[in-house]
Structures are given as structure tokens and as C-alpha cells.
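As stored in model12.cif (mmCIF, N, CA, C and O atoms):
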data_structure
loop_
_atom_site.label_atom_id
_atom_site.label_comp_id
_atom_site.auth_asym_id
_atom_site.auth_seq_id
_atom_site.Cartn_x
_atom_site.Cartn_y
_atom_site.Cartn_z
N MET A 1 -14.15 -11.66 3.33
CA MET A 1 -14.00 -10.56 4.27
C MET A 1 -13.45 -9.33 3.55
O MET A 1 -12.63 -9.45 2.66
N THR A 2 -13.89 -8.18 4.01
CA THR A 2 -13.36 -6.95 3.45
C THR A 2 -12.01 -6.63 4.09
O THR A 2 -11.65 -7.21 5.12
N ASP A 3 -11.30 -5.70 3.49
CA ASP A 3 -10.02 -5.27 4.07
C ASP A 3 -10.23 -4.72 5.47
O ASP A 3 -9.43 -4.97 6.38
N GLU A 4 -11.33 -3.98 5.67
CA GLU A 4 -11.63 -3.42 6.97
C GLU A 4 -11.88 -4.52 8.00
O GLU A 4 -11.48 -4.41 9.17
N ASP A 5 -12.56 -5.60 7.58
CA ASP A 5 -12.80 -6.74 8.47
C ASP A 5 -11.48 -7.40 8.88
O ASP A 5 -11.31 -7.79 10.04
N ILE A 6 -10.57 -7.52 7.94
CA ILE A 6 -9.27 -8.14 8.23
C ILE A 6 -8.52 -7.29 9.25
O ILE A 6 -7.97 -7.80 10.23
N ILE A 7 -8.52 -5.98 9.05
CA ILE A 7 -7.83 -5.08 9.98
C ILE A 7 -8.47 -5.15 11.35
O ILE A 7 -7.78 -5.23 12.38
N LYS A 8 -9.80 -5.15 11.41
CA LYS A 8 -10.52 -5.25 12.69
C LYS A 8 -10.16 -6.55 13.40
O LYS A 8 -9.91 -6.57 14.61
N ALA A 9 -10.11 -7.67 12.65
CA ALA A 9 -9.76 -8.96 13.24
C ALA A 9 -8.34 -8.94 13.79
O ALA A 9 -8.09 -9.46 14.88
N LEU A 10 -7.42 -8.32 13.06
CA LEU A 10 -6.04 -8.21 13.55
C LEU A 10 -5.98 -7.39 14.83
O LEU A 10 -5.25 -7.71 15.77
N GLU A 11 -6.75 -6.31 14.89
CA GLU A 11 -6.79 -5.48 16.09
C GLU A 11 -7.34 -6.28 17.27
O GLU A 11 -6.82 -6.19 18.39
N CYS A 12 -8.39 -7.06 17.03
CA CYS A 12 -8.97 -7.88 18.09
C CYS A 12 -7.97 -8.92 18.59
O CYS A 12 -7.87 -9.16 19.79
N CYS A 13 -7.24 -9.52 17.68
CA CYS A 13 -6.27 -10.54 18.07
C CYS A 13 -5.10 -9.95 18.85
O CYS A 13 -4.42 -10.67 19.59
N SER A 14 -4.86 -8.67 18.69
CA SER A 14 -3.75 -8.05 19.41
C SER A 14 -4.09 -7.78 20.87
O SER A 14 -3.21 -7.51 21.67
N ASP A 15 -5.37 -7.86 21.21
CA ASP A 15 -5.82 -7.65 22.60
C ASP A 15 -6.52 -8.91 23.10
O ASP A 15 -7.48 -9.38 22.49
N ILE A 16 -6.06 -9.44 24.20
CA ILE A 16 -6.68 -10.64 24.79
C ILE A 16 -8.10 -10.30 25.25
O ILE A 16 -8.34 -9.25 25.83
N GLY A 17 -9.03 -11.18 24.94
CA GLY A 17 -10.40 -11.03 25.40
C GLY A 17 -11.32 -10.26 24.48
O GLY A 17 -12.44 -9.94 24.86
N ARG A 18 -10.88 -9.95 23.29
CA ARG A 18 -11.73 -9.21 22.36
C ARG A 18 -12.29 -10.10 21.25
O ARG A 18 -12.78 -9.62 20.24
N CYS A 19 -12.25 -11.42 21.45
CA CYS A 19 -12.70 -12.35 20.40
C CYS A 19 -14.15 -12.09 20.00
O CYS A 19 -14.50 -12.22 18.82
N CYS A 20 -15.00 -11.73 20.95
CA CYS A 20 -16.42 -11.54 20.62
C CYS A 20 -16.64 -10.33 19.71
O CYS A 20 -17.68 -10.23 19.07
N GLU A 21 -15.67 -9.43 19.60
CA GLU A 21 -15.77 -8.28 18.71
C GLU A 21 -15.22 -8.58 17.31
O GLU A 21 -15.35 -7.78 16.40
N CYS A 22 -14.58 -9.73 17.18
CA CYS A 22 -13.86 -10.08 15.95
C CYS A 22 -14.81 -10.51 14.84
O CYS A 22 -15.76 -11.28 15.07
N PRO A 23 -14.56 -10.04 13.61
CA PRO A 23 -15.38 -10.48 12.47
C PRO A 23 -15.28 -11.99 12.21
O PRO A 23 -16.14 -12.55 11.56
N MET A 24 -14.26 -12.63 12.74
CA MET A 24 -14.08 -14.07 12.54
C MET A 24 -14.64 -14.88 13.71
O MET A 24 -14.42 -16.08 13.81
N TRP A 25 -15.39 -14.25 14.58
CA TRP A 25 -15.91 -14.86 15.80
C TRP A 25 -16.68 -16.16 15.53
O TRP A 25 -16.63 -17.10 16.32
N GLU A 26 -17.37 -16.24 14.41
CA GLU A 26 -18.18 -17.42 14.10
C GLU A 26 -17.34 -18.69 14.00
O GLU A 26 -17.85 -19.79 14.20
N MET A 27 -16.08 -18.58 13.68
CA MET A 27 -15.23 -19.76 13.52
C MET A 27 -14.99 -20.47 14.85
O MET A 27 -14.88 -21.69 14.90
N LEU A 28 -14.91 -19.71 15.95
CA LEU A 28 -14.75 -20.26 17.30
C LEU A 28 -13.73 -21.40 17.40
O LEU A 28 -13.99 -22.43 17.99
N SER A 29 -12.60 -21.21 16.79
CA SER A 29 -11.56 -22.24 16.90
C SER A 29 -10.19 -21.61 16.72
O SER A 29 -10.07 -20.46 16.31
N ALA A 30 -9.18 -22.39 17.03
CA ALA A 30 -7.81 -21.91 16.85
C ALA A 30 -7.48 -21.73 15.37
O ALA A 30 -6.54 -21.03 15.04
N ASN A 31 -8.26 -22.33 14.49
CA ASN A 31 -8.02 -22.19 13.05
C ASN A 31 -8.28 -20.78 12.55
O ASN A 31 -7.84 -20.42 11.46
N CYS A 32 -9.00 -19.98 13.33
CA CYS A 32 -9.28 -18.61 12.89
C CYS A 32 -7.97 -17.83 12.76
O CYS A 32 -7.83 -17.00 11.87
N ILE A 33 -6.99 -18.11 13.60
CA ILE A 33 -5.70 -17.42 13.53
C ILE A 33 -4.99 -17.78 12.23
O ILE A 33 -4.43 -16.91 11.55
N VAL A 34 -5.04 -19.04 11.86
CA VAL A 34 -4.41 -19.48 10.61
C VAL A 34 -5.08 -18.80 9.42
O VAL A 34 -4.42 -18.29 8.52
N GLU A 35 -6.40 -18.78 9.43
CA GLU A 35 -7.15 -18.14 8.34
C GLU A 35 -6.88 -16.64 8.31
O GLU A 35 -6.69 -16.05 7.25
N LEU A 36 -6.83 -16.00 9.47
CA LEU A 36 -6.55 -14.56 9.53
C LEU A 36 -5.16 -14.26 8.99
O LEU A 36 -4.98 -13.28 8.27
N ASN A 37 -4.18 -15.08 9.32
CA ASN A 37 -2.83 -14.87 8.79
C ASN A 37 -2.83 -14.96 7.26
O ASN A 37 -2.18 -14.15 6.59
N ARG A 38 -3.58 -15.90 6.71
CA ARG A 38 -3.67 -16.05 5.26
C ARG A 38 -4.32 -14.80 4.63
O ARG A 38 -3.84 -14.27 3.63
N LEU A 39 -5.41 -14.35 5.24
CA LEU A 39 -6.11 -13.17 4.73
C LEU A 39 -5.24 -11.91 4.83
O LEU A 39 -5.22 -11.07 3.92
N ALA A 40 -4.54 -11.76 5.95
CA ALA A 40 -3.67 -10.59 6.15
C ALA A 40 -2.54 -10.57 5.13
O ALA A 40 -2.20 -9.52 4.57
N LEU A 41 -1.97 -11.73 4.86
CA LEU A 41 -0.91 -11.81 3.86
C LEU A 41 -1.44 -11.42 2.48
O LEU A 41 -0.79 -10.67 1.75
N GLY A 42 -2.63 -11.87 2.15
CA GLY A 42 -3.25 -11.49 0.88
C GLY A 42 -3.48 -10.00 0.79
O GLY A 42 -3.23 -9.37 -0.25
N LEU A 43 -3.94 -9.39 1.88
CA LEU A 43 -4.16 -7.95 1.93
C LEU A 43 -2.85 -7.19 1.72
O LEU A 43 -2.77 -6.25 0.91
N ILE A 44 -1.80 -7.61 2.40
CA ILE A 44 -0.50 -6.95 2.26
C ILE A 44 0.01 -7.07 0.83
O ILE A 44 0.49 -6.08 0.25
N LYS A 45 -0.10 -8.22 0.24
CA LYS A 45 0.38 -8.42 -1.14
C LYS A 45 -0.42 -7.57 -2.13
O LYS A 45 0.16 -6.98 -3.05
N ARG A 46 -1.74 -7.48 -1.94
CA ARG A 46 -2.56 -6.64 -2.83
C ARG A 46 -2.16 -5.18 -2.71
O ARG A 46 -2.02 -4.47 -3.70
N GLN A 47 -1.96 -4.72 -1.47
CA GLN A 47 -1.59 -3.32 -1.27
C GLN A 47 -0.21 -3.02 -1.83
O GLN A 47 0.01 -1.95 -2.41
N GLN A 48 0.72 -3.95 -1.69
CA GLN A 48 2.05 -3.75 -2.27
C GLN A 48 1.97 -3.65 -3.79
O GLN A 48 2.63 -2.82 -4.40
N ALA A 49 1.15 -4.50 -4.40
CA ALA A 49 0.98 -4.46 -5.85
C ALA A 49 0.37 -3.13 -6.30
O ALA A 49 0.80 -2.54 -7.29
N GLU A 50 -0.62 -2.65 -5.54
CA GLU A 50 -1.24 -1.37 -5.87
C GLU A 50 -0.25 -0.22 -5.75
O GLU A 50 -0.20 0.66 -6.61
N LEU A 51 0.55 -0.23 -4.70
CA LEU A 51 1.56 0.82 -4.52
C LEU A 51 2.60 0.77 -5.64
O LEU A 51 3.01 1.81 -6.15
N GLY A 52 3.03 -0.43 -5.99
CA GLY A 52 4.00 -0.58 -7.08
C GLY A 52 3.45 -0.05 -8.39
O GLY A 52 4.14 0.63 -9.14
N SER A 53 2.18 -0.33 -8.64
CA SER A 53 1.53 0.14 -9.86
C SER A 53 1.43 1.66 -9.88
O SER A 53 1.70 2.30 -10.89
N CYS A 54 1.06 2.25 -8.74
CA CYS A 54 0.98 3.72 -8.65
C CYS A 54 2.35 4.34 -8.87
O CYS A 54 2.48 5.34 -9.58
N HIS A 55 3.36 3.76 -8.26
CA HIS A 55 4.73 4.26 -8.39
C HIS A 55 5.16 4.23 -9.85
O HIS A 55 5.70 5.21 -10.37
N GLU A 56 4.91 3.13 -10.53
CA GLU A 56 5.29 3.01 -11.94
C GLU A 56 4.54 4.01 -12.79
O GLU A 56 5.13 4.66 -13.65
N ASN A 57 3.24 4.17 -12.54
CA ASN A 57 2.44 5.10 -13.34
C ASN A 57 2.93 6.53 -13.18
O ASN A 57 3.00 7.29 -14.14
N ILE A 58 3.27 6.94 -11.96
CA ILE A 58 3.70 8.32 -11.73
C ILE A 58 5.07 8.58 -12.35
O ILE A 58 5.27 9.57 -13.04
N TYR A 59 6.02 7.69 -12.12
CA TYR A 59 7.37 7.94 -12.59
C TYR A 59 7.56 7.64 -14.07
O TYR A 59 8.51 8.12 -14.67
N ASP A 60 6.66 6.88 -14.67
CA ASP A 60 6.75 6.62 -16.11
C ASP A 60 6.03 7.70 -16.92
O ASP A 60 6.14 7.73 -18.13
N ASN A 61 5.30 8.57 -16.25
CA ASN A 61 4.54 9.61 -16.93
C ASN A 61 4.94 10.96 -16.35
O ASN A 61 4.39 11.40 -15.34
N PRO A 62 5.88 11.67 -16.97
CA PRO A 62 6.36 12.94 -16.43
C PRO A 62 5.26 13.98 -16.22
O PRO A 62 5.30 14.75 -15.27
N GLU A 63 4.26 14.00 -17.10
CA GLU A 63 3.17 14.96 -16.95
C GLU A 63 2.38 14.67 -15.68
O GLU A 63 2.00 15.60 -14.96
N LEU A 64 2.14 13.41 -15.39
CA LEU A 64 1.42 13.03 -14.18
C LEU A 64 2.24 13.40 -12.94
O LEU A 64 1.70 13.90 -11.96
N LEU A 65 3.53 13.18 -12.99
CA LEU A 65 4.41 13.52 -11.88
C LEU A 65 4.38 15.03 -11.63
O LEU A 65 4.29 15.48 -10.49
N GLU A 66 4.45 15.81 -12.70
CA GLU A 66 4.42 17.26 -12.56
C GLU A 66 3.08 17.73 -11.98
O GLU A 66 3.04 18.58 -11.09
N THR A 67 1.99 17.14 -12.45
CA THR A 67 0.66 17.50 -11.94
C THR A 67 0.54 17.16 -10.47
O THR A 67 -0.03 17.92 -9.69
N ALA A 68 1.08 16.03 -10.05
CA ALA A 68 1.01 15.61 -8.64
C ALA A 68 1.93 16.46 -7.77
O ALA A 68 1.62 16.70 -6.61
N ALA A 69 3.03 16.94 -8.30
CA ALA A 69 4.00 17.69 -7.52
C ALA A 69 3.56 19.13 -7.25
O ALA A 69 3.89 19.69 -6.21
N LYS A 70 2.82 19.73 -8.17
CA LYS A 70 2.43 21.14 -8.00
C LYS A 70 1.62 21.39 -6.74
O LYS A 70 1.97 22.29 -5.97
N PRO A 71 0.54 20.63 -6.47
CA PRO A 71 -0.20 20.90 -5.22
C PRO A 71 0.65 20.66 -3.98
O PRO A 71 0.53 21.39 -2.99
N ALA A 72 1.51 19.66 -4.01
CA ALA A 72 2.36 19.39 -2.86
C ALA A 72 3.31 20.55 -2.61
O ALA A 72 3.50 20.98 -1.47
N ALA A 73 3.91 21.08 -3.66
CA ALA A 73 4.82 22.22 -3.52
C ALA A 73 4.08 23.45 -3.00
O ALA A 73 4.59 24.18 -2.15
N LYS A 74 2.87 23.66 -3.49
CA LYS A 74 2.07 24.80 -3.04
C LYS A 74 1.73 24.67 -1.56
O LYS A 74 1.84 25.63 -0.80
N ASN A 75 1.36 23.46 -1.13
CA ASN A 75 1.03 23.24 0.28
C ASN A 75 2.25 23.47 1.17
O ASN A 75 2.13 24.05 2.25
N ILE A 76 3.40 23.02 0.73
CA ILE A 76 4.63 23.21 1.50
C ILE A 76 4.95 24.70 1.62
O ILE A 76 5.26 25.20 2.69
N ALA A 77 4.84 25.41 0.51
CA ALA A 77 5.12 26.85 0.51
C ALA A 77 4.15 27.58 1.44
O ALA A 77 4.56 28.44 2.22
N GLN A 78 2.88 27.24 1.36
CA GLN A 78 1.89 27.91 2.21
C GLN A 78 2.13 27.62 3.68
O GLN A 78 2.01 28.50 4.52
N SER A 79 2.46 26.38 4.00
CA SER A 79 2.63 26.03 5.41
C SER A 79 3.90 26.64 6.00
O SER A 79 3.95 26.90 7.19
N THR A 80 4.91 26.91 5.18
CA THR A 80 6.14 27.50 5.71
C THR A 80 6.12 29.02 5.63
O THR A 80 6.67 29.69 6.50
N LEU A 81 5.48 29.58 4.62
CA LEU A 81 5.47 31.03 4.46
C LEU A 81 4.38 31.72 5.27
O LEU A 81 4.58 32.83 5.74
N ALA A 82 3.24 31.06 5.47
CA ALA A 82 2.13 31.70 6.19
C ALA A 82 2.51 32.09 7.61
O ALA A 82 2.27 33.23 8.01
N PRO A 83 3.13 31.22 8.40
CA PRO A 83 3.51 31.64 9.76
C PRO A 83 4.50 32.80 9.76
O PRO A 83 4.41 33.69 10.59
N ALA A 84 5.43 32.81 8.82
CA ALA A 84 6.42 33.89 8.75
C ALA A 84 5.73 35.21 8.42
O ALA A 84 6.06 36.25 8.98
N THR A 85 4.76 35.18 7.52
CA THR A 85 4.02 36.38 7.14
C THR A 85 3.22 36.90 8.33
O THR A 85 3.18 38.10 8.58
N GLU A 86 2.58 36.01 9.07
CA GLU A 86 1.79 36.42 10.24
C GLU A 86 2.69 37.07 11.27
O GLU A 86 2.34 38.10 11.85
N ASN A 87 3.85 36.51 11.52
CA ASN A 87 4.78 37.08 12.50
C ASN A 87 5.25 38.46 12.06
O ASN A 87 5.40 39.37 12.87
N PHE A 88 5.51 38.64 10.75
CA PHE A 88 5.95 39.91 10.23
C PHE A 88 4.87 40.97 10.42
O PHE A 88 5.14 42.08 10.84
N GLU A 89 3.62 40.61 10.15
CA GLU A 89 2.51 41.55 10.31
C GLU A 89 2.34 41.94 11.76
O GLU A 89 2.04 43.09 12.08
N LEU A 90 2.55 41.01 12.69
CA LEU A 90 2.43 41.33 14.11
C LEU A 90 3.51 42.31 14.55
O LEU A 90 3.27 43.20 15.37
N MET A 91 4.71 42.18 13.99
CA MET A 91 5.81 43.06 14.38
C MET A 91 5.57 44.47 13.84
O MET A 91 5.93 45.45 14.48
N GLU A 92 4.96 44.59 12.65
CA GLU A 92 4.72 45.88 12.05
C GLU A 92 3.60 46.62 12.76
O GLU A 92 3.63 47.83 12.90
N GLY A 93 2.55 45.88 13.18
CA GLY A 93 1.32 46.47 13.71
C GLY A 93 1.46 46.95 15.07
O GLY A 93 1.28 47.92 15.62
#
Would you mind writing the structure in this file as C-alpha cells?
Amino acid sequence: MTDEDIIKALECCSDIGRCCECPMWEMLSANCIVELNRLALGLIKRQQAELGSCHENIYDNPELLETAAKPAAKNIAQSTLAPATENFELMEG
């Protein structure tokens, strides 16, 4: 199953009566819940490992951290300064 299938199955299990929409529908047994729990745990562990790897790569490489921080800082500046500039122009005009 893909990660998207696992997420869809979890969403179906959270609502009573959506079994026919579930990617695990073919199993038609109570064992599908056990299998889904196993798959979900695997997905969570893979994502945690990926996040940990990204975190290590960014903080172990100062150049990468600086490159990643510049666009974020620019976006923050634009989002906070743009409304102030527009208000100033309205007051002048």
C-alpha cells in the first residue's frame, strides 16, 4: 500500500460505515484493523526517520541552513512590511 492508501484507510476507519471506501476493503475481516495499525506504525517511523535526516543535514551544514533561511526571512519581511506600506500609501493619498 502507498502512504496515501494508508492515510485513506485511517480516515475510513475513523468514520463508521465507510468500509466500502477503504483501500483495505478486500480483506473483509477484523484483521484489517491489525494490518492497518502495522502499516500506520511503519509510515510514522519512516516519516520520523526522514525528518530526523533532514534536521541533521540542515544543522550540520551551515551553508544549507543559511540558504534555507534567506527565503523564509524574505517572506516574513514581505508579509509584515507590505500591509504597513499599503496603509501608509492610503493615508498619504
- Just so the selection is clear, what residues does the PyMOL selection byres ((chain A and resi 32-47) around 8) cover here, as an MDAnalysis selection string? chainID A and resid 1:3 6:7 9:10 24:25 27:31 48:54
Residues of the last selection are to be written out with N, CA, C and O atoms, as a PDB file, keeping the file's coordinate frame.
ATOM      1  N   MET A   1     -14.150 -11.660   3.330  1.00  0.00           N
ATOM      2  CA  MET A   1     -14.000 -10.560   4.270  1.00  0.00           C
ATOM      3  C   MET A   1     -13.450  -9.330   3.550  1.00  0.00           C
ATOM      4  O   MET A   1     -12.630  -9.450   2.660  1.00  0.00           O
ATOM      5  N   THR A   2     -13.890  -8.180   4.010  1.00  0.00           N
ATOM      6  CA  THR A   2     -13.360  -6.950   3.450  1.00  0.00           C
ATOM      7  C   THR A   2     -12.010  -6.630   4.090  1.00  0.00           C
ATOM      8  O   THR A   2     -11.650  -7.210   5.120  1.00  0.00           O
ATOM      9  N   ASP A   3     -11.300  -5.700   3.490  1.00  0.00           N
ATOM     10  CA  ASP A   3     -10.020  -5.270   4.070  1.00  0.00           C
ATOM     11  C   ASP A   3     -10.230  -4.720   5.470  1.00  0.00           C
ATOM     12  O   ASP A   3      -9.430  -4.970   6.380  1.00  0.00           O
ATOM     13  N   ILE A   6     -10.570  -7.520   7.940  1.00  0.00           N
ATOM     14  CA  ILE A   6      -9.270  -8.140   8.230  1.00  0.00           C
ATOM     15  C   ILE A   6      -8.520  -7.290   9.250  1.00  0.00           C
ATOM     16  O   ILE A   6      -7.970  -7.800  10.230  1.00  0.00           O
ATOM     17  N   ILE A   7      -8.520  -5.980   9.050  1.00  0.00           N
ATOM     18  CA  ILE A   7      -7.830  -5.080   9.980  1.00  0.00           C
ATOM     19  C   ILE A   7      -8.470  -5.150  11.350  1.00  0.00           C
ATOM     20  O   ILE A   7      -7.780  -5.230  12.380  1.00  0.00           O
ATOM     21  N   ALA A   9     -10.110  -7.670  12.650  1.00  0.00           N
ATOM     22  CA  ALA A   9      -9.760  -8.960  13.240  1.00  0.00           C
ATOM     23  C   ALA A   9      -8.340  -8.940  13.790  1.00  0.00           C
ATOM     24  O   ALA A   9      -8.090  -9.460  14.880  1.00  0.00           O
ATOM     25  N   LEU A  10      -7.420  -8.320  13.060  1.00  0.00           N
ATOM     26  CA  LEU A  10      -6.040  -8.210  13.550  1.00  0.00           C
ATOM     27  C   LEU A  10      -5.980  -7.390  14.830  1.00  0.00           C
ATOM     28  O   LEU A  10      -5.250  -7.710  15.770  1.00  0.00           O
ATOM     29  N   MET A  24     -14.260 -12.630  12.740  1.00  0.00           N
ATOM     30  CA  MET A  24     -14.080 -14.070  12.540  1.00  0.00           C
ATOM     31  C   MET A  24     -14.640 -14.880  13.710  1.00  0.00           C
ATOM     32  O   MET A  24     -14.420 -16.080  13.810  1.00  0.00           O
ATOM     33  N   TRP A  25     -15.390 -14.250  14.580  1.00  0.00           N
ATOM     34  CA  TRP A  25     -15.910 -14.860  15.800  1.00  0.00           C
ATOM     35  C   TRP A  25     -16.680 -16.160  15.530  1.00  0.00           C
ATOM     36  O   TRP A  25     -16.630 -17.100  16.320  1.00  0.00           O
ATOM     37  N   MET A  27     -16.080 -18.580  13.680  1.00  0.00           N
ATOM     38  CA  MET A  27     -15.230 -19.760  13.520  1.00  0.00           C
ATOM     39  C   MET A  27     -14.990 -20.470  14.850  1.00  0.00           C
ATOM     40  O   MET A  27     -14.880 -21.690  14.900  1.00  0.00           O
ATOM     41  N   LEU A  28     -14.910 -19.710  15.950  1.00  0.00           N
ATOM     42  CA  LEU A  28     -14.750 -20.260  17.300  1.00  0.00           C
ATOM     43  C   LEU A  28     -13.730 -21.400  17.400  1.00  0.00           C
ATOM     44  O   LEU A  28     -13.990 -22.430  17.990  1.00  0.00           O
ATOM     45  N   SER A  29     -12.600 -21.210  16.790  1.00  0.00           N
ATOM     46  CA  SER A  29     -11.560 -22.240  16.900  1.00  0.00           C
ATOM     47  C   SER A  29     -10.190 -21.610  16.720  1.00  0.00           C
ATOM     48  O   SER A  29     -10.070 -20.460  16.310  1.00  0.00           O
ATOM     49  N   ALA A  30      -9.180 -22.390  17.030  1.00  0.00           N
ATOM     50  CA  ALA A  30      -7.810 -21.910  16.850  1.00  0.00           C
ATOM     51  C   ALA A  30      -7.480 -21.730  15.370  1.00  0.00           C
ATOM     52  O   ALA A  30      -6.540 -21.030  15.040  1.00  0.00           O
ATOM     53  N   ASN A  31      -8.260 -22.330  14.490  1.00  0.00           N
ATOM     54  CA  ASN A  31      -8.020 -22.190  13.050  1.00  0.00           C
ATOM     55  C   ASN A  31      -8.280 -20.780  12.550  1.00  0.00           C
ATOM     56  O   ASN A  31      -7.840 -20.420  11.460  1.00  0.00           O
ATOM     57  N   GLN A  48       0.720  -3.950  -1.690  1.00  0.00           N
ATOM     58  CA  GLN A  48       2.050  -3.750  -2.270  1.00  0.00           C
ATOM     59  C   GLN A  48       1.970  -3.650  -3.790  1.00  0.00           C
ATOM     60  O   GLN A  48       2.630  -2.820  -4.400  1.00  0.00           O
ATOM     61  N   ALA A  49       1.150  -4.500  -4.400  1.00  0.00           N
ATOM     62  CA  ALA A  49       0.980  -4.460  -5.850  1.00  0.00           C
ATOM     63  C   ALA A  49       0.370  -3.130  -6.300  1.00  0.00           C
ATOM     64  O   ALA A  49       0.800  -2.540  -7.290  1.00  0.00           O
ATOM     65  N   GLU A  50      -0.620  -2.650  -5.540  1.00  0.00           N
ATOM     66  CA  GLU A  50      -1.240  -1.370  -5.870  1.00  0.00           C
ATOM     67  C   GLU A  50      -0.250  -0.220  -5.750  1.00  0.00           C
ATOM     68  O   GLU A  50      -0.200   0.660  -6.610  1.00  0.00           O
ATOM     69  N   LEU A  51       0.550  -0.230  -4.700  1.00  0.00           N
ATOM     70  CA  LEU A  51       1.560   0.820  -4.520  1.00  0.00           C
ATOM     71  C   LEU A  51       2.600   0.770  -5.640  1.00  0.00           C
ATOM     72  O   LEU A  51       3.010   1.810  -6.150  1.00  0.00           O
ATOM     73  N   GLY A  52       3.030  -0.430  -5.990  1.00  0.00           N
ATOM     74  CA  GLY A  52       4.000  -0.580  -7.080  1.00  0.00           C
ATOM     75  C   GLY A  52       3.450  -0.050  -8.390  1.00  0.00           C
ATOM     76  O   GLY A  52       4.140   0.630  -9.140  1.00  0.00           O
ATOM     77  N   SER A  53       2.180  -0.330  -8.640  1.00  0.00           N
ATOM     78  CA  SER A  53       1.530   0.140  -9.860  1.00  0.00           C
ATOM     79  C   SER A  53       1.430   1.660  -9.880  1.00  0.00           C
ATOM     80  O   SER A  53       1.700   2.300 -10.890  1.00  0.00           O
ATOM     81  N   CYS A  54       1.060   2.250  -8.740  1.00  0.00           N
ATOM     82  CA  CYS A  54       0.980   3.720  -8.650  1.00  0.00           C
ATOM     83  C   CYS A  54       2.350   4.340  -8.870  1.00  0.00           C
ATOM     84  O   CYS A  54       2.480   5.340  -9.580  1.00  0.00           O
TER      85      CYS A  54
END
- prompt: How many Å lie between atom O of Lys8 in chain A and atom C of Glu21 in chain A, rounded to one decimal?
  reply: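 Atom O of Lys8 in chain A sits 6.3 Å away from atom C of Glu21 in chain A.
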How many Å lie between atom N of Asp5 in chain A and atom O of Cys22 in chain A, rounded to one decimal?
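Those two atoms sit 9.9 Å apart.
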Report the centre and edge lengths, in Å to one decimal, of an axis-aligned box enclosing every atom of range 31-43 of chain A listed in the file, padded by 3 Å on each side, as AutoDock Vina command-line options.
--center_x -5.0 --center_y -14.3 --center_z 7.1 --size_x 14.5 --size_y 22.1 --size_z 20.7
query: What gap, in Å, lies between atom N of Glu4 in chain A and atom C of Gly17 in chain A?
result: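 Separation of atom N of Glu4 in chain A and atom C of Gly17 in chain A: 19.8 Å.
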